[in-house]
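Comments concern the structure below.
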Protein chains: 2
Amino acid sequence: MEVILHLQQIINEYILQLESRHQQEDLEQEEQQHRQNISCYLSNRGIDISALYQSNFQDFIAYQGDKYHEDKNTLGFINLGLSENKLCIDLLTERLSQSDMNYIDGDLLQYPDWRGHAFLREEVAQFLTYYCKAPDLLDPENVVFLNSSLSVFLTLTMVLCDPGDAFLIPTSFYSGFTLTSRLYSKVELIHVHLQSKITEVDTQPFQLIVDKLEKALLEAKFKGKKVRGLVLFNPNNSLGNIDTLDSLKEYLEFAKRHNLHVIIDETYMLSEFRASIPFHSVLNMKSLPDYNRTHVIWGTSKSLGISGFRFGTLYTHNKEVVSAVGAFGFLHSITGITQHKLCRLLQDREWIDNVYLPTNRSRMQVAHRYITNKLKTMKVRLLSHGSGLYIWVNLKEYLDPCTFEEEQLLYRRFLDNKLLLAPGKAYMCKEPGWFRLTFTDKPFHLKVAMQRFSEALTTKKQNWIEKQLEDALVESVSSPSTRRSSSSSSSSSSPSSSLSFSSSSFVNVDTSHF
Amino acid sequence: MEVILHLQQIINEYILQLESRHQQEDLEQEEQQHRQNISCYLSNRGIDISALYQSNFQDFIAYQGDKYHEDKNTLGFINLGLSENKLCIDLLTERLSQSDMNYIDGDLLQYPDWRGHAFLREEVAQFLTYYCKAPDLLDPENVVFLNSSLSVFLTLTMVLCDPGDAFLIPTSFYSGFTLTSRLYSKVELIHVHLQSKITEVDTQPFQLIVDKLEKALLEAKFKGKKVRGLVLFNPNNSLGNIDTLDSLKEYLEFAKRHNLHVIIDETYMLSEFRASIPFHSVLNMKSLPDYNRTHVIWGTSKSLGISGFRFGTLYTHNKEVVSAVGAFGFLHSITGITQHKLCRLLQDREWIDNVYLPTNRSRMQVAHRYITNKLKTMKVRLLSHGSGLYIWVNLKEYLDPCTFEEEQLLYRRFLDNKLLLAPGKAYMCKEPGWFRLTFTDKPFHLKVAMQRFSEALTTKKQNWIEKQLEDALVESVSSPSTRRSSSSSSSSSSPSSSLSFSSSSFVNVDTSHF
């Protein structure tokens, strides 16, 4: 029995590798399409960058040029693929318009300290001390901020890795991390694939367990790779789950055992909308397993819903890392006047605690309830854990066969209906059919979006029925020889049956959050 | 005679190569000093970056932490090594505090188009059309802006070059360009060394002539280098001179002949303070020799004296380049609210034309006159062409011997006197002894700075006299054999004699600007 289980495991891992390679090849093929018109002006690297950008951002570009507006552009795109919180723009606009924001002095107009102005580094340290519940006051000298969390991630990998070195990274994760690596740092991100199927007691779908990290590390070492660290996301971007303090400790202990750096991205901190699931920052820990190899990223894009501010910060006890990351300030810094506004905003605890956070949470709850109810009506399954700006939606039932090609076709169908969602493949999820759906948009946008979502799925179903009928028709009039040749397109099982909610599905749906 | 001249040229070039290598070795040695404490946390790349940063910015960091203030810190650093215009902070603060600046809407708080918000790209196109006197309206679709001119340069080299490819770049130039290449793009910048000695009729000291470009290109090709383009600076950063329209055309024609890209940095546009020397943007030309290979950089740091805004823009007719550079927006973009403020500022031609530019020019003239008069009193020679924020000062006379080691010692002496200047070596000037001195600081700062400058030179001179006396004393009491061994330190000519202004000097001083 043990041998069979072992064999099964080997086969599973082999399939996983094949799938992963296939997925990678798909992405490369897409880029190849964008690369076809060889330029006589760009370098090979330039051509690659351009293709990479097009394949990653072409729909975002289309959305930028044709945004939905309830009066002016009712046929424009609604973007639930972008992780933005638009629920409190009114509050933020009001707060940012107050007179204390508009202070200007000479220092703000001149070159700053490349790590960021001292006044804002101090405020960031105080802010993180307070909201991460740090046992001791955090030190402003451990802060470096740049123009986005992604810039902080990039520069960390630049100074912790040599080209070709690797970091372990659990899937799913935001594709921007891969992009930064391909553009600049040339660090390999070794995917630690998580799965929806629950294989361990007391775990959830897609949960990271240390055993998986150990295996991934061993395998990478066996292949001769130089693994420098581990990337963690807490709260997680795509799942929206929060690591327990125990899990966090286990990951950090694993890293310490192997002298690995940990880059932990806590950008989604303060986006918890359910009090029952508390967030723990690693900065909350009384003692970090490895002070000098634990590097925290945070930013205001998600926590405060101001992605247009382009602010990301590093907090690390390692002075060498602070200094080395600070070297990038002259290429990734942010405007002085923005630094002043951010300082005032972070300083205003009364407004954050009594106005912004409670209002934001309550609006998030309403929006989340609205979307999950709609999905429930459509019998669409989902995962949502009470944090993040999105719901991880399972649309496997609408793929026939259940492949990434079909996922892409479904994505395109949403796009035809002027709705952007984030497909799991872009997040390197290993299972086709998952989509990340942002619910923190304006109520009216959500209403129209869900109509479009529903229409896309209905059309998909109708098309399938029509195709089934056509195939049946062809079969009834054709000769046995032609019948055989057309059989491939109708060989799969009926989606009409798979559309019905199956209680025996292997996915353990978090039904409490419907 | 011809053979002798040819031999002389070969010898000169060989010496130049040796000097250049020596200079490079010096820089590497400095970095090596910073690299001595090998880290167990950073990668080799991280250690290099850290050392590179320290060797480039350590004095800037010291300045940031200890700035001169007339009341609070009279012993702090004054920085005339930084190219900043502090003469119109009052005007800018007043304009940026007006109510139209403080507009905020949802779009400004959200992710922008990565090329920059359309409203600002439109304004930039109009602004450049007007101030560059473009024959036709410039197209907003040809604009991409990022968070500094340097980021634009970096991303251009990223998409026009593969790692190891090269760009020709005339010296002297700002070391940030080398830094970007070492950090990210891995593009070789092949220095085209210019010299103070005038060798061609109708030219000025340090003037770029096409013959030098042709030679540098030929030599690079001979060495198997793949030269992708040429970097030009107009107005020039360090000399402050402006290219004539004829010279510009010659450079562009040279590039076209060899299918080279031209990156032309016009960041110092609008910094002309003498009407007699007009600036010509390449965008002013009726027809560019090679539309698709001419890429213009501009920013507000120097033209409008707001380096803290971190704004640099690209203008190119090449849509492929626009698109590829745009790919970097997600790592080099600027805050939405800053984009709004910049738009309002650039839009306000009345304020720029009737308030900012005339006031700035008049203040620049006063400051320039003050500094040049002071330098004249001290019999210090200089080059200044009526543009840029600095004067290119010749302190060769204070070096004994005239080496980069001595230049560094003199630089340190200024630093001891709490005065920062930019040494020529940092700008890859091939001749020791040149310093870039920024004159666009507050009047009182300039006064204190010039006192410190004078004191440093006086101490230098006194030290030399004391050393001469000591040597003479040692010589008088020592035996003939020891006398010989100590002779090397006093072998050079007396600085006291070299301090006197020599009309036969090979440097053609722009005395009209004293």
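Identifiers in the structure tokens: chain A, B, ... in order shown; residue index from 1 per chain; ligand index from 1 in order shown.
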List the neighbours of A:Leu87 out to 9 Å using only C-alpha atoms; skip same-chain residues closer than 6 positions along the sequence, and give me the result as an NGL selection string. :A and (305 or 360 or 363-364 or 367 or 440-443)
Any chance you can output those residues with all heavy atoms as a short mmCIF file (atom, residue, chain, number, x, y, z; two decimals), in the first residue's frame?
```cif
data_model
loop_
_atom_site.label_atom_id
_atom_site.label_comp_id
_atom_site.auth_asym_id
_atom_site.auth_seq_id
_atom_site.Cartn_x
_atom_site.Cartn_y
_atom_site.Cartn_z
N GLY A 305 -6.06 51.99 -0.24
CA GLY A 305 -6.80 52.18 -1.50
C GLY A 305 -6.28 53.32 -2.35
O GLY A 305 -7.06 54.03 -2.99
N ASN A 360 -14.52 51.58 5.48
CA ASN A 360 -14.00 50.70 4.43
C ASN A 360 -14.44 49.26 4.70
O ASN A 360 -14.91 48.55 3.80
CB ASN A 360 -12.48 50.81 4.37
CG ASN A 360 -11.89 50.03 3.22
OD1 ASN A 360 -12.38 50.12 2.09
ND2 ASN A 360 -10.87 49.23 3.49
N ARG A 363 -18.15 48.80 4.03
CA ARG A 363 -18.44 48.79 2.59
C ARG A 363 -17.91 47.52 1.93
O ARG A 363 -18.53 46.99 1.00
CB ARG A 363 -17.82 50.03 1.93
CG ARG A 363 -18.54 51.31 2.33
CD ARG A 363 -17.95 52.53 1.64
NE ARG A 363 -18.56 53.74 2.14
CZ ARG A 363 -18.21 54.98 1.77
NH1 ARG A 363 -17.25 55.15 0.87
NH2 ARG A 363 -18.81 56.03 2.27
N MET A 364 -16.75 47.07 2.38
CA MET A 364 -16.21 45.81 1.83
C MET A 364 -17.15 44.66 2.13
O MET A 364 -17.41 43.81 1.28
CB MET A 364 -14.81 45.53 2.41
CG MET A 364 -13.69 46.31 1.74
SD MET A 364 -12.07 46.03 2.51
CE MET A 364 -11.55 44.51 1.71
N ALA A 367 -20.18 44.89 -0.19
CA ALA A 367 -19.83 44.53 -1.57
C ALA A 367 -19.54 43.04 -1.68
O ALA A 367 -19.96 42.38 -2.65
CB ALA A 367 -18.60 45.33 -2.02
N THR A 440 -14.20 45.08 -4.76
CA THR A 440 -14.15 46.40 -4.13
C THR A 440 -14.32 47.54 -5.15
O THR A 440 -13.54 48.49 -5.17
CB THR A 440 -12.83 46.58 -3.37
OG1 THR A 440 -11.76 46.17 -4.23
CG2 THR A 440 -12.81 45.75 -2.11
N ASP A 441 -15.31 47.38 -6.01
CA ASP A 441 -15.61 48.44 -6.98
C ASP A 441 -16.89 49.14 -6.55
O ASP A 441 -17.57 48.70 -5.63
CB ASP A 441 -15.74 47.84 -8.39
CG ASP A 441 -15.36 48.83 -9.48
OD1 ASP A 441 -15.54 50.05 -9.25
OD2 ASP A 441 -14.90 48.40 -10.55
N LYS A 442 -17.22 50.22 -7.25
CA LYS A 442 -18.43 50.97 -6.92
C LYS A 442 -19.66 50.07 -7.08
O LYS A 442 -19.72 49.26 -8.04
CB LYS A 442 -18.57 52.16 -7.88
CG LYS A 442 -17.50 53.20 -7.72
CD LYS A 442 -17.66 54.27 -8.80
CE LYS A 442 -16.44 55.16 -8.86
NZ LYS A 442 -16.41 56.00 -10.05
N PRO A 443 -20.68 50.22 -6.22
CA PRO A 443 -21.84 49.32 -6.26
C PRO A 443 -22.46 49.19 -7.66
O PRO A 443 -22.74 48.08 -8.12
CB PRO A 443 -22.81 49.99 -5.28
CG PRO A 443 -21.94 50.72 -4.32
CD PRO A 443 -20.75 51.17 -5.09
#
```
Would you give me, as a PyMOL selection string, the residues of chain A that come within 6 Å of chain B, using only C-alpha atoms? chain A and resi 42-43+45-46+50+53+89+106+108-111+151+159-162+306-310+324+327+331-332+335-336
Just asking: which residues within stretch 77-193 of chain B are strand (DSSP E or B) according to DSSP, as a ChimeraX atom specification? /B:77-79,143-146,166-170,188-192
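A straight line drawn from atom CA of A:Tyr390 to atom CA of A:Thr178 is 20.7 Å long.
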To one decimal place, how far is atom CA of A:Leu288 from atom CA of A:Phe233 in Å? 16.9 Å
Quick one, how far is atom CA of B:Phe444 from atom CA of B:Asn79? 12.8 Å
Need to verify the contact set: stretch 188-198 of chain A, 7 Å, only C-alpha atoms, exclusion of same-chain residues closer than 2 positions in sequence. Can you return it as a PyMOL selection string? chain A and resi 164-171+186+200+203-208+213+216+430+506-507
Please provide as a PyMOL selection string all residues within 9 Å of A:Thr459, with the sequence filter that same-chain residues fewer than 5 positions apart are discarded (counting only C-alpha atoms). chain A and resi 413+454+464
Dump N, CA, C and O atoms for the selected residues as a PDB file, in the first residue's frame?
```pdb
ATOM      1  N   ARG A 413     -14.180  35.391 -23.388  1.00  0.00           N
ATOM      2  CA  ARG A 413     -15.637  35.574 -23.429  1.00  0.00           C
ATOM      3  C   ARG A 413     -16.037  36.704 -22.470  1.00  0.00           C
ATOM      4  O   ARG A 413     -16.873  37.539 -22.804  1.00  0.00           O
ATOM      5  N   SER A 454     -22.710  37.047 -15.672  1.00  0.00           N
ATOM      6  CA  SER A 454     -23.780  36.060 -15.844  1.00  0.00           C
ATOM      7  C   SER A 454     -24.050  35.800 -17.325  1.00  0.00           C
ATOM      8  O   SER A 454     -24.170  34.656 -17.765  1.00  0.00           O
ATOM      9  N   TRP A 464     -22.389  25.860 -25.928  1.00  0.00           N
ATOM     10  CA  TRP A 464     -22.073  24.455 -25.784  1.00  0.00           C
ATOM     11  C   TRP A 464     -23.249  23.607 -26.255  1.00  0.00           C
ATOM     12  O   TRP A 464     -23.078  22.647 -26.989  1.00  0.00           O
TER      13      TRP A 464
END
```
At a cut-off of 10 Å, using only C-alpha atoms, what residues contact A:Phe119? Leave out same-chain residues fewer than 3 positions from it and give the result as a list of chain:residue names. A:Gly116, A:Glu122, A:Glu123, A:Val124, A:Pro140, A:Gln339, A:His340, A:Cys343
